[in-house]
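Working notes for the structure below.
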Amino acid sequence: MRRLTTVLAGACAAALFAVMTVALGSPAVAAALVEVTGFGDNPGNMRMHVYVPDSRPASPAIVVAMHGCGGSGPGFHQSSEFASLADRYGFIVIYPTATQSAGFGNCFDTWSDAAKQRGGGSDPVSLVSMINYVERTYRGDPNRVYATGSSSGGMMTQHMLAVYPDLFKAGASFMGVPFNCFAGASDYPPGSSRCTGGSMDRTPQQWGDAVRQAYPGYSGPRPRMQLWHGTSDTLVPYSLLRESIEQWTNVFGLSQTPTGTDTPQAGWSRSRYADPSGTVQVEAYSIQGAGHVLPQSGMARYAVEFFGLTTSQTDTTPPTTPGTPVASGVTATGATLTWTASTDQGGSGLAGYEILRAPGATGGTFAQVGTSATTSFTDTGLSASTVYRYQVRARDAAGNVSAASGTVQITTQGGTTGACRATPTVQSQWGNGYVIQPLTITNTGTSTITGWTVTFTLPAGHTLTGSWNATVTTSGQTVTVRSVGHNGTLAPGAASTSFGFQASRPNGDTALPSGYACA
């Protein structure tokens with residue numbers, strides 16, 4: 001494979017066009033590309049443009065479409081086919097503009113330690129804020145969020161599906177690289193990059209472990225992945241398609257041998273990797289003779305079809321309201337809900353239910369905590385001796401959502417708490433941040449613990465930016481961490497579990513949290 005001698009994406013002069021700017025909370029004019037400012041937390045200093053089609057369901061799908069290095073969101077809107085497909089199929093497109101630089105400008109950050117940690121900062125957090133904005137402002141469907149992009153944007157597609165697997169349903173990566181391919185900013189520019197230098201070769205297990213370590217403890221469903229690469233691409237070498245296939249098939253526990261191959265168009269070789277149920281979880285396209293020039297005409301349509309968005313959205317009638325849920329099996333950390341089924345009214349078919357939860361007997365905000373394809377749901381990770389309220393709403397295949405059901409209130413049982421110890425380990429730290437992983441909880445008592453709580457103090461100026469395997473709240477500099485469903489029970493005799501967190505701090509500050517206490 002030839003070494004690279006050129007940049008990831010050459011700068012192209014874009015035609016002049018006008019965009020509009022709106023402030024947070026003011027919906028964009030439909031069927032126009034609109035710039036949004038103040039969309040939320042933006043550590044990547046990114047710009048956001050959104051395209052909202054005139055005709056769309058009540059709860060439309062969201063596609064995040066990302067440009068290559070040196071490009072822009074408006075430029076990718078103009079040069080790709082996703083907006084016209086949005087007009088046809090009724091989904092919303094977010095066009096981010098990256099401003100990061102690692103040898104050259106306007107690239108999505110897939111190299112920094114912060115970007116590789118869930119909630120760690122940089123571009124991934126900015127992209128999550130954009131998605132949240134669209135869900136709030138246009139009632140975008142949180143269960144139908146997709147990512148796609150070209151070159152640097154294709155790299156970020158694989159990156160986001162690794163770091164936020166619970167946020168995305170699928171992705172389509174054009175000319176991308178596997179997650180965690182770049183060792184750092186110095187490894188990004190072509191010519192000096194080990195990742196894109198033509199010799200990158202890791203085992204499927206190593207690639208898969210990189211994805212699993214991006215969100216430790218995550219055990220939910222993984223987003224499906226579609227991969228595209230030209231066989232004559234020497235800028236981001238074609239050999240990296242095989243590395244990406246190895247990464248994502250390993251993540252899904254699949255063989256690297258395809259379950260099916262075909263040629264959907266002349267010069268396109270497609271390999272599919274299906275699970276035992278027949279669902280294609282990974283799909284890879286080799287485009288014969290193509291260089292660093294994807295997507296070409298018609299390819300976006302295949303991506304949108306892979307997402308499942310090519311059914312015309314003609315149903316605009318929501319389902320009937322489900323019955324008020326009934327709670328049973330209430331424990332210190334969980335409860336089971338059942339309810340009377342909704343009825344589809346628009347012809348697209350009932351797709352499932354969204355479960356909403358609010359804290360306390362009054363006040364608070366109902367937020368979605370899960371989905372169910374049936375009329376029951378078990379919520380876990382709750383705190384002992386705590387009041388919660390629940391509602392349910394139905395969703396049809398066109399994305400229409402019913403009104404919320406009546407409310408049921410529960411009080412979890414008190415947890416049996418023995419003596420315990422919290423032991424932190426500093427996994428890594430840098431100038432303005434650090435990761436504590438694992439923070440080990442050990443049962444030092446003689447009775448079973450069915451729910452634990454750890455408290456500690458952050459030094460002044462430090463801010464928690466992410467956590468995993470626990471429920472975390474902060475009050476000033478005091479952090480309270482509570483067990484979740486899968487790790488709350490610890491048998492006597494030194495049984496242990498762990499969680500982790502990441503925090504930021506002022507440059508030059510070397511202090512770490514203190515005062516760890518477990519109960």
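The chains in the structure tokens are called A, B, ... from first to last as shown; in each chain the residues are counted from 1, and the ligands are counted from 1 in the order shown.
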Run DSSP on the backbone and give me the residues of range 159-290 of chain A it puts in strand (DSSP E or B), as JSON, numbers by chain. {"A": [170, 171, 172, 173, 174, 224, 225, 226, 227, 228, 229, 230, 260, 261, 262, 268, 269, 270, 271, 272, 273, 274, 280, 281, 282, 283, 284, 285, 286, 287]}
Can I get the selection written as an mmCIF file, in the first residue's frame, with N, CA and C atoms?
data_model
loop_
_atom_site.group_PDB
_atom_site.id
_atom_site.type_symbol
_atom_site.label_atom_id
_atom_site.label_comp_id
_atom_site.auth_asym_id
_atom_site.auth_seq_id
_atom_site.Cartn_x
_atom_site.Cartn_y
_atom_site.Cartn_z
ATOM 1 N N ALA A 170 -27.988 3.524 13.837
ATOM 2 C CA ALA A 170 -27.140 3.001 12.760
ATOM 3 C C ALA A 170 -26.265 4.126 12.225
ATOM 4 N N GLY A 171 -25.259 3.748 11.450
ATOM 5 C CA GLY A 171 -24.370 4.724 10.829
ATOM 6 C C GLY A 171 -23.918 4.254 9.462
ATOM 7 N N ALA A 172 -23.533 5.212 8.605
ATOM 8 C CA ALA A 172 -22.984 4.908 7.277
ATOM 9 C C ALA A 172 -21.710 5.733 7.119
ATOM 10 N N SER A 173 -20.578 5.054 7.090
ATOM 11 C CA SER A 173 -19.269 5.702 7.075
ATOM 12 C C SER A 173 -18.652 5.599 5.685
ATOM 13 N N PHE A 174 -18.439 6.750 5.039
ATOM 14 C CA PHE A 174 -17.792 6.800 3.734
ATOM 15 C C PHE A 174 -16.321 7.164 3.919
ATOM 16 N N ARG A 224 -26.162 -0.514 14.103
ATOM 17 C CA ARG A 224 -25.695 -1.192 12.906
ATOM 18 C C ARG A 224 -24.747 -0.277 12.128
ATOM 19 N N MET A 225 -23.835 -0.883 11.359
ATOM 20 C CA MET A 225 -22.797 -0.105 10.679
ATOM 21 C C MET A 225 -22.729 -0.454 9.198
ATOM 22 N N GLN A 226 -22.752 0.592 8.364
ATOM 23 C CA GLN A 226 -22.530 0.449 6.924
ATOM 24 C C GLN A 226 -21.220 1.151 6.572
ATOM 25 N N LEU A 227 -20.370 0.489 5.782
ATOM 26 C CA LEU A 227 -19.024 0.980 5.462
ATOM 27 C C LEU A 227 -18.851 1.080 3.953
ATOM 28 N N TRP A 228 -18.225 2.171 3.486
ATOM 29 C CA TRP A 228 -17.979 2.394 2.053
ATOM 30 C C TRP A 228 -16.513 2.779 1.842
ATOM 31 N N HIS A 229 -15.882 2.227 0.793
ATOM 32 C CA HIS A 229 -14.500 2.610 0.479
ATOM 33 C C HIS A 229 -14.199 2.321 -0.987
ATOM 34 N N GLY A 230 -13.424 3.191 -1.610
ATOM 35 C CA GLY A 230 -12.955 2.983 -2.965
ATOM 36 C C GLY A 230 -11.696 2.145 -2.987
ATOM 37 N N GLY A 260 -23.325 -13.056 3.145
ATOM 38 C CA GLY A 260 -23.838 -12.879 1.798
ATOM 39 C C GLY A 260 -23.063 -11.811 1.051
ATOM 40 N N THR A 261 -22.930 -11.959 -0.260
ATOM 41 C CA THR A 261 -22.271 -10.958 -1.103
ATOM 42 C C THR A 261 -23.096 -10.761 -2.367
ATOM 43 N N ASP A 262 -23.051 -9.553 -2.931
ATOM 44 C CA ASP A 262 -23.731 -9.296 -4.189
ATOM 45 C C ASP A 262 -23.141 -8.053 -4.845
ATOM 46 N N TRP A 268 -19.828 -2.080 -7.817
ATOM 47 C CA TRP A 268 -20.057 -2.070 -6.372
ATOM 48 C C TRP A 268 -20.096 -3.511 -5.863
ATOM 49 N N SER A 269 -19.199 -3.853 -4.967
ATOM 50 C CA SER A 269 -19.219 -5.179 -4.341
ATOM 51 C C SER A 269 -19.686 -5.010 -2.896
ATOM 52 N N ARG A 270 -20.760 -5.681 -2.546
ATOM 53 C CA ARG A 270 -21.343 -5.536 -1.200
ATOM 54 C C ARG A 270 -21.203 -6.837 -0.421
ATOM 55 N N SER A 271 -20.704 -6.731 0.801
ATOM 56 C CA SER A 271 -20.601 -7.878 1.709
ATOM 57 C C SER A 271 -21.482 -7.598 2.919
ATOM 58 N N ARG A 272 -22.248 -8.608 3.313
ATOM 59 C CA ARG A 272 -23.161 -8.444 4.438
ATOM 60 C C ARG A 272 -22.838 -9.452 5.531
ATOM 61 N N TYR A 273 -22.965 -8.981 6.777
ATOM 62 C CA TYR A 273 -22.637 -9.783 7.945
ATOM 63 C C TYR A 273 -23.867 -9.788 8.856
ATOM 64 N N ALA A 274 -24.613 -10.887 8.814
ATOM 65 C CA ALA A 274 -25.883 -10.969 9.526
ATOM 66 C C ALA A 274 -25.733 -11.785 10.802
ATOM 67 N N VAL A 280 -28.933 -7.905 9.203
ATOM 68 C CA VAL A 280 -27.612 -7.472 8.755
ATOM 69 C C VAL A 280 -27.121 -6.386 9.709
ATOM 70 N N GLN A 281 -26.097 -6.695 10.480
ATOM 71 C CA GLN A 281 -25.558 -5.739 11.451
ATOM 72 C C GLN A 281 -24.411 -4.914 10.873
ATOM 73 N N VAL A 282 -23.662 -5.502 9.949
ATOM 74 C CA VAL A 282 -22.541 -4.809 9.299
ATOM 75 C C VAL A 282 -22.660 -5.026 7.796
ATOM 76 N N GLU A 283 -22.474 -3.957 7.028
ATOM 77 C CA GLU A 283 -22.570 -4.017 5.575
ATOM 78 C C GLU A 283 -21.416 -3.210 4.998
ATOM 79 N N ALA A 284 -20.676 -3.785 4.055
ATOM 80 C CA ALA A 284 -19.485 -3.126 3.520
ATOM 81 C C ALA A 284 -19.539 -3.088 1.993
ATOM 82 N N TYR A 285 -19.233 -1.900 1.430
ATOM 83 C CA TYR A 285 -19.203 -1.687 -0.015
ATOM 84 C C TYR A 285 -17.775 -1.390 -0.471
ATOM 85 N N SER A 286 -17.291 -2.153 -1.426
ATOM 86 C CA SER A 286 -16.035 -1.858 -2.120
ATOM 87 C C SER A 286 -16.383 -1.297 -3.499
ATOM 88 N N ILE A 287 -15.926 -0.073 -3.779
ATOM 89 C CA ILE A 287 -16.262 0.579 -5.042
ATOM 90 C C ILE A 287 -15.046 0.493 -5.952
#
Show which residues sit within 12 Å of Asp187 in chain A, as a ChimeraX atom specification. Count only C-alpha atoms, and ignore same-chain residues fewer than 2 positions away. /A:102-103,110-112,180-185,189-197,200
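Rounded to one decimal, CA of Gly346 in chain A and CA of Pro57 in chain A lie 11.4 Å from each other.
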Residues near Leu161 in chain A, anyone? I mean within 10 Å using only C-alpha atoms, not counting same-chain ones fewer than 4 positions away, as a list in words.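 Returned residues: Tyr146, Ala147, Met156, Thr157, Pro165, Asp166, Leu167, Phe168, Lys169, Ala170, Gly171, Phe179, Val211, Ala214, Arg222, Pro223, Arg224 and Met225 of chain A.
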May I have the selected residues written with N, CA, C and O atoms, as an mmCIF file, in the first residue's frame?
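The result, written out as out_19.cif:
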data_model
loop_
_atom_site.group_PDB
_atom_site.id
_atom_site.type_symbol
_atom_site.label_atom_id
_atom_site.label_comp_id
_atom_site.auth_asym_id
_atom_site.auth_seq_id
_atom_site.Cartn_x
_atom_site.Cartn_y
_atom_site.Cartn_z
ATOM 1 N N TYR A 146 -29.328 8.766 13.454
ATOM 2 C CA TYR A 146 -28.349 8.101 12.590
ATOM 3 C C TYR A 146 -27.186 9.050 12.299
ATOM 4 O O TYR A 146 -27.330 10.276 12.370
ATOM 5 N N ALA A 147 -26.043 8.474 11.970
ATOM 6 C CA ALA A 147 -24.862 9.271 11.633
ATOM 7 C C ALA A 147 -24.308 8.825 10.290
ATOM 8 O O ALA A 147 -24.335 7.634 9.957
ATOM 9 N N MET A 156 -15.676 10.208 11.998
ATOM 10 C CA MET A 156 -16.474 10.586 13.157
ATOM 11 C C MET A 156 -17.741 9.741 13.260
ATOM 12 O O MET A 156 -18.244 9.514 14.364
ATOM 13 N N THR A 157 -18.254 9.255 12.141
ATOM 14 C CA THR A 157 -19.415 8.358 12.190
ATOM 15 C C THR A 157 -19.083 7.115 13.006
ATOM 16 O O THR A 157 -19.824 6.740 13.931
ATOM 17 N N PRO A 165 -23.175 4.481 21.817
ATOM 18 C CA PRO A 165 -23.967 3.419 21.175
ATOM 19 C C PRO A 165 -25.447 3.474 21.534
ATOM 20 O O PRO A 165 -26.285 2.964 20.791
ATOM 21 N N ASP A 166 -25.775 4.074 22.674
ATOM 22 C CA ASP A 166 -27.163 4.163 23.105
ATOM 23 C C ASP A 166 -27.911 5.313 22.434
ATOM 24 O O ASP A 166 -29.140 5.397 22.517
ATOM 25 N N LEU A 167 -27.196 6.209 21.773
ATOM 26 C CA LEU A 167 -27.809 7.374 21.140
ATOM 27 C C LEU A 167 -28.166 7.114 19.681
ATOM 28 O O LEU A 167 -29.135 7.668 19.160
ATOM 29 N N PHE A 168 -27.378 6.274 18.995
ATOM 30 C CA PHE A 168 -27.548 6.059 17.556
ATOM 31 C C PHE A 168 -28.135 4.680 17.272
ATOM 32 O O PHE A 168 -27.836 3.711 17.965
ATOM 33 N N LYS A 169 -28.933 4.615 16.196
ATOM 34 C CA LYS A 169 -29.501 3.342 15.769
ATOM 35 C C LYS A 169 -28.661 2.711 14.662
ATOM 36 O O LYS A 169 -28.622 1.485 14.534
ATOM 37 N N ALA A 170 -27.988 3.524 13.837
ATOM 38 C CA ALA A 170 -27.140 3.001 12.760
ATOM 39 C C ALA A 170 -26.265 4.126 12.225
ATOM 40 O O ALA A 170 -26.496 5.310 12.513
ATOM 41 N N GLY A 171 -25.259 3.748 11.450
ATOM 42 C CA GLY A 171 -24.370 4.724 10.829
ATOM 43 C C GLY A 171 -23.918 4.254 9.462
ATOM 44 O O GLY A 171 -23.920 3.041 9.172
ATOM 45 N N PHE A 179 -12.697 3.068 14.885
ATOM 46 C CA PHE A 179 -12.591 3.858 16.108
ATOM 47 C C PHE A 179 -11.245 3.608 16.790
ATOM 48 O O PHE A 179 -10.777 2.487 16.875
ATOM 49 N N VAL A 211 -13.703 -0.410 21.060
ATOM 50 C CA VAL A 211 -15.089 0.077 21.099
ATOM 51 C C VAL A 211 -15.710 -0.182 22.459
ATOM 52 O O VAL A 211 -16.346 0.700 23.060
ATOM 53 N N ALA A 214 -14.734 2.220 25.144
ATOM 54 C CA ALA A 214 -15.180 3.605 25.002
ATOM 55 C C ALA A 214 -16.358 3.911 25.918
ATOM 56 O O ALA A 214 -16.582 5.064 26.288
ATOM 57 N N ARG A 222 -26.205 -2.481 20.087
ATOM 58 C CA ARG A 222 -25.219 -1.684 19.348
ATOM 59 C C ARG A 222 -25.822 -1.197 18.025
ATOM 60 O O ARG A 222 -26.621 -1.894 17.396
ATOM 61 N N PRO A 223 -25.465 0.001 17.598
ATOM 62 C CA PRO A 223 -25.969 0.494 16.310
ATOM 63 C C PRO A 223 -25.348 -0.264 15.136
ATOM 64 O O PRO A 223 -24.170 -0.608 15.151
ATOM 65 N N ARG A 224 -26.162 -0.514 14.103
ATOM 66 C CA ARG A 224 -25.695 -1.192 12.906
ATOM 67 C C ARG A 224 -24.747 -0.277 12.128
ATOM 68 O O ARG A 224 -24.826 0.942 12.226
ATOM 69 N N MET A 225 -23.835 -0.883 11.359
ATOM 70 C CA MET A 225 -22.797 -0.105 10.679
ATOM 71 C C MET A 225 -22.729 -0.454 9.198
ATOM 72 O O MET A 225 -22.648 -1.633 8.818
#
Do you know which residues are at most 9 Å from Ile245 in chain A counting only C-alpha atoms, after dropping those on the same chain fewer than 2 positions away, and could you put them as a VMD selection string? chain A and resid 178 204 227 240 to 243 247 to 250 256 282 to 284
Same residues, C-alpha atoms, output as a PDB file, in the first residue's frame:
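Final output, saved to part-v8.pdb:
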ATOM      1  CA  PRO A 178     -11.966   2.283  12.716  1.00  0.00           C
ATOM      2  CA  PRO A 204     -10.513  -8.110  15.386  1.00  0.00           C
ATOM      3  CA  LEU A 227     -19.024   0.980   5.462  1.00  0.00           C
ATOM      4  CA  LEU A 240      -8.690   0.270   6.360  1.00  0.00           C
ATOM      5  CA  LEU A 241     -12.060  -0.998   5.143  1.00  0.00           C
ATOM      6  CA  ARG A 242     -10.975  -4.491   6.213  1.00  0.00           C
ATOM      7  CA  GLU A 243      -9.877  -3.148   9.625  1.00  0.00           C
ATOM      8  CA  GLN A 247     -13.817  -4.022  14.382  1.00  0.00           C
ATOM      9  CA  TRP A 248     -17.572  -3.947  13.940  1.00  0.00           C
ATOM     10  CA  THR A 249     -18.094  -7.660  13.270  1.00  0.00           C
ATOM     11  CA  ASN A 250     -16.177  -8.341  16.493  1.00  0.00           C
ATOM     12  CA  GLN A 256     -15.351 -11.920   9.555  1.00  0.00           C
ATOM     13  CA  VAL A 282     -22.541  -4.809   9.299  1.00  0.00           C
ATOM     14  CA  GLU A 283     -22.570  -4.017   5.575  1.00  0.00           C
ATOM     15  CA  ALA A 284     -19.485  -3.126   3.520  1.00  0.00           C
TER      16      ALA A 284
END
Do a neighbour search on Pro318 in chain A at 12 Å with only C-alpha atoms, toss out local chain neighbours closer than 3 positions, and write the hits as a list of chain:residue names.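 Contacts, in chain order: A:Pro57, A:Ala58, A:Ser59, A:Thr314, A:Asp315, A:Thr321, A:Pro322, A:Ser342, A:Thr343, A:Asp344, A:Gln345, A:Gly346, A:Gly347, A:Ser348, A:Gly349, A:Leu350, A:Ala351, A:Arg393, A:Ala394, A:Arg395, A:Asp396, A:Ala397, A:Ala398, A:Gly399, A:Asn400, A:Val401, A:Ser402, A:Ala403, A:Ala404.
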When distances are computed from only C-alpha atoms, which of A:Ser79, A:Thr336, A:Thr331, A:Ser55 shows the smallest separation from Ala300 in chain A?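 Closest candidate: A:Ser79.
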Contacts of Gly485 in chain A at 10 Å (only C-alpha atoms; same-chain gap of 5+ positions) as a PDB file with C-alpha atoms, in the first residue's frame:
ATOM      1  CA  ALA A 332     -34.872  -1.522  46.376  1.00  0.00           C
ATOM      2  CA  THR A 333     -33.452  -1.055  42.877  1.00  0.00           C
ATOM      3  CA  GLY A 334     -36.210  -1.815  40.364  1.00  0.00           C
ATOM      4  CA  ASP A 379     -36.850  -0.348  35.251  1.00  0.00           C
ATOM      5  CA  THR A 380     -33.573  -0.961  37.101  1.00  0.00           C
ATOM      6  CA  GLY A 381     -30.848   1.080  38.741  1.00  0.00           C
ATOM      7  CA  LEU A 382     -33.235   2.843  41.113  1.00  0.00           C
ATOM      8  CA  SER A 383     -32.286   4.163  44.560  1.00  0.00           C
ATOM      9  CA  THR A 450     -28.404  -4.523  47.998  1.00  0.00           C
ATOM     10  CA  GLY A 451     -27.641  -0.903  47.205  1.00  0.00           C
ATOM     11  CA  ASN A 469     -21.755   2.071  35.761  1.00  0.00           C
ATOM     12  CA  ALA A 470     -23.469   4.272  38.379  1.00  0.00           C
TER      13      ALA A 470
END
Do a neighbour search on range 86-88 of chain A at 12 Å with only C-alpha atoms, toss out local chain neighbours closer than 5 positions, and write the hits as a ChimeraX atom specification. /A:30-32,50-57,60-65,77,80-81,93-94,300-301,304-305,309-314
Writing out the chosen residues with C-alpha atoms as a PDB file, in the first residue's frame:
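Everything below was put into selection.pdb:
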ATOM      1  CA  ALA A  30     -38.805  24.443   6.850  1.00  0.00           C
ATOM      2  CA  ALA A  31     -37.123  23.404   3.589  1.00  0.00           C
ATOM      3  CA  ALA A  32     -34.252  25.852   4.090  1.00  0.00           C
ATOM      4  CA  VAL A  50     -30.196  22.023  10.215  1.00  0.00           C
ATOM      5  CA  TYR A  51     -32.443  21.083   7.298  1.00  0.00           C
ATOM      6  CA  VAL A  52     -36.109  20.502   8.178  1.00  0.00           C
ATOM      7  CA  PRO A  53     -38.299  19.241   5.291  1.00  0.00           C
ATOM      8  CA  ASP A  54     -41.758  20.712   4.709  1.00  0.00           C
ATOM      9  CA  SER A  55     -43.422  17.297   4.960  1.00  0.00           C
ATOM     10  CA  ARG A  56     -42.440  15.209   7.962  1.00  0.00           C
ATOM     11  CA  PRO A  57     -44.124  13.028  10.614  1.00  0.00           C
ATOM     12  CA  PRO A  60     -39.174  12.587  12.541  1.00  0.00           C
ATOM     13  CA  ALA A  61     -35.929  10.650  12.370  1.00  0.00           C
ATOM     14  CA  ILE A  62     -32.634  12.555  12.685  1.00  0.00           C
ATOM     15  CA  VAL A  63     -29.592  12.109  10.419  1.00  0.00           C
ATOM     16  CA  VAL A  64     -26.267  13.758  11.359  1.00  0.00           C
ATOM     17  CA  ALA A  65     -24.347  14.302   8.074  1.00  0.00           C
ATOM     18  CA  HIS A  77     -25.500  20.024   2.354  1.00  0.00           C
ATOM     19  CA  SER A  80     -24.496  15.543  -1.035  1.00  0.00           C
ATOM     20  CA  GLU A  81     -27.963  14.080  -1.602  1.00  0.00           C
ATOM     21  CA  VAL A  93     -30.652  16.473   8.692  1.00  0.00           C
ATOM     22  CA  ILE A  94     -28.094  18.076  11.002  1.00  0.00           C
ATOM     23  CA  ALA A 300     -26.710   8.306  -0.014  1.00  0.00           C
ATOM     24  CA  ARG A 301     -29.923   6.545  -1.035  1.00  0.00           C
ATOM     25  CA  VAL A 304     -30.796   5.976   4.014  1.00  0.00           C
ATOM     26  CA  GLU A 305     -32.279   2.623   2.988  1.00  0.00           C
ATOM     27  CA  LEU A 309     -35.966   5.484   6.340  1.00  0.00           C
ATOM     28  CA  THR A 310     -37.099   4.857   2.765  1.00  0.00           C
ATOM     29  CA  THR A 311     -40.724   4.131   3.574  1.00  0.00           C
ATOM     30  CA  SER A 312     -42.889   7.120   2.620  1.00  0.00           C
ATOM     31  CA  GLN A 313     -44.148   8.976   5.689  1.00  0.00           C
ATOM     32  CA  THR A 314     -47.875   9.392   4.945  1.00  0.00           C
TER      33      THR A 314
END
Separation of CA of Arg47 in chain A and CA of Leu294 in chain A, in Å?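 That distance, rounded to one decimal, is 23.2 Å.
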Between CA of Phe104 in chain A and CA of Gly70 in chain A lies a distance of 7.6 Å
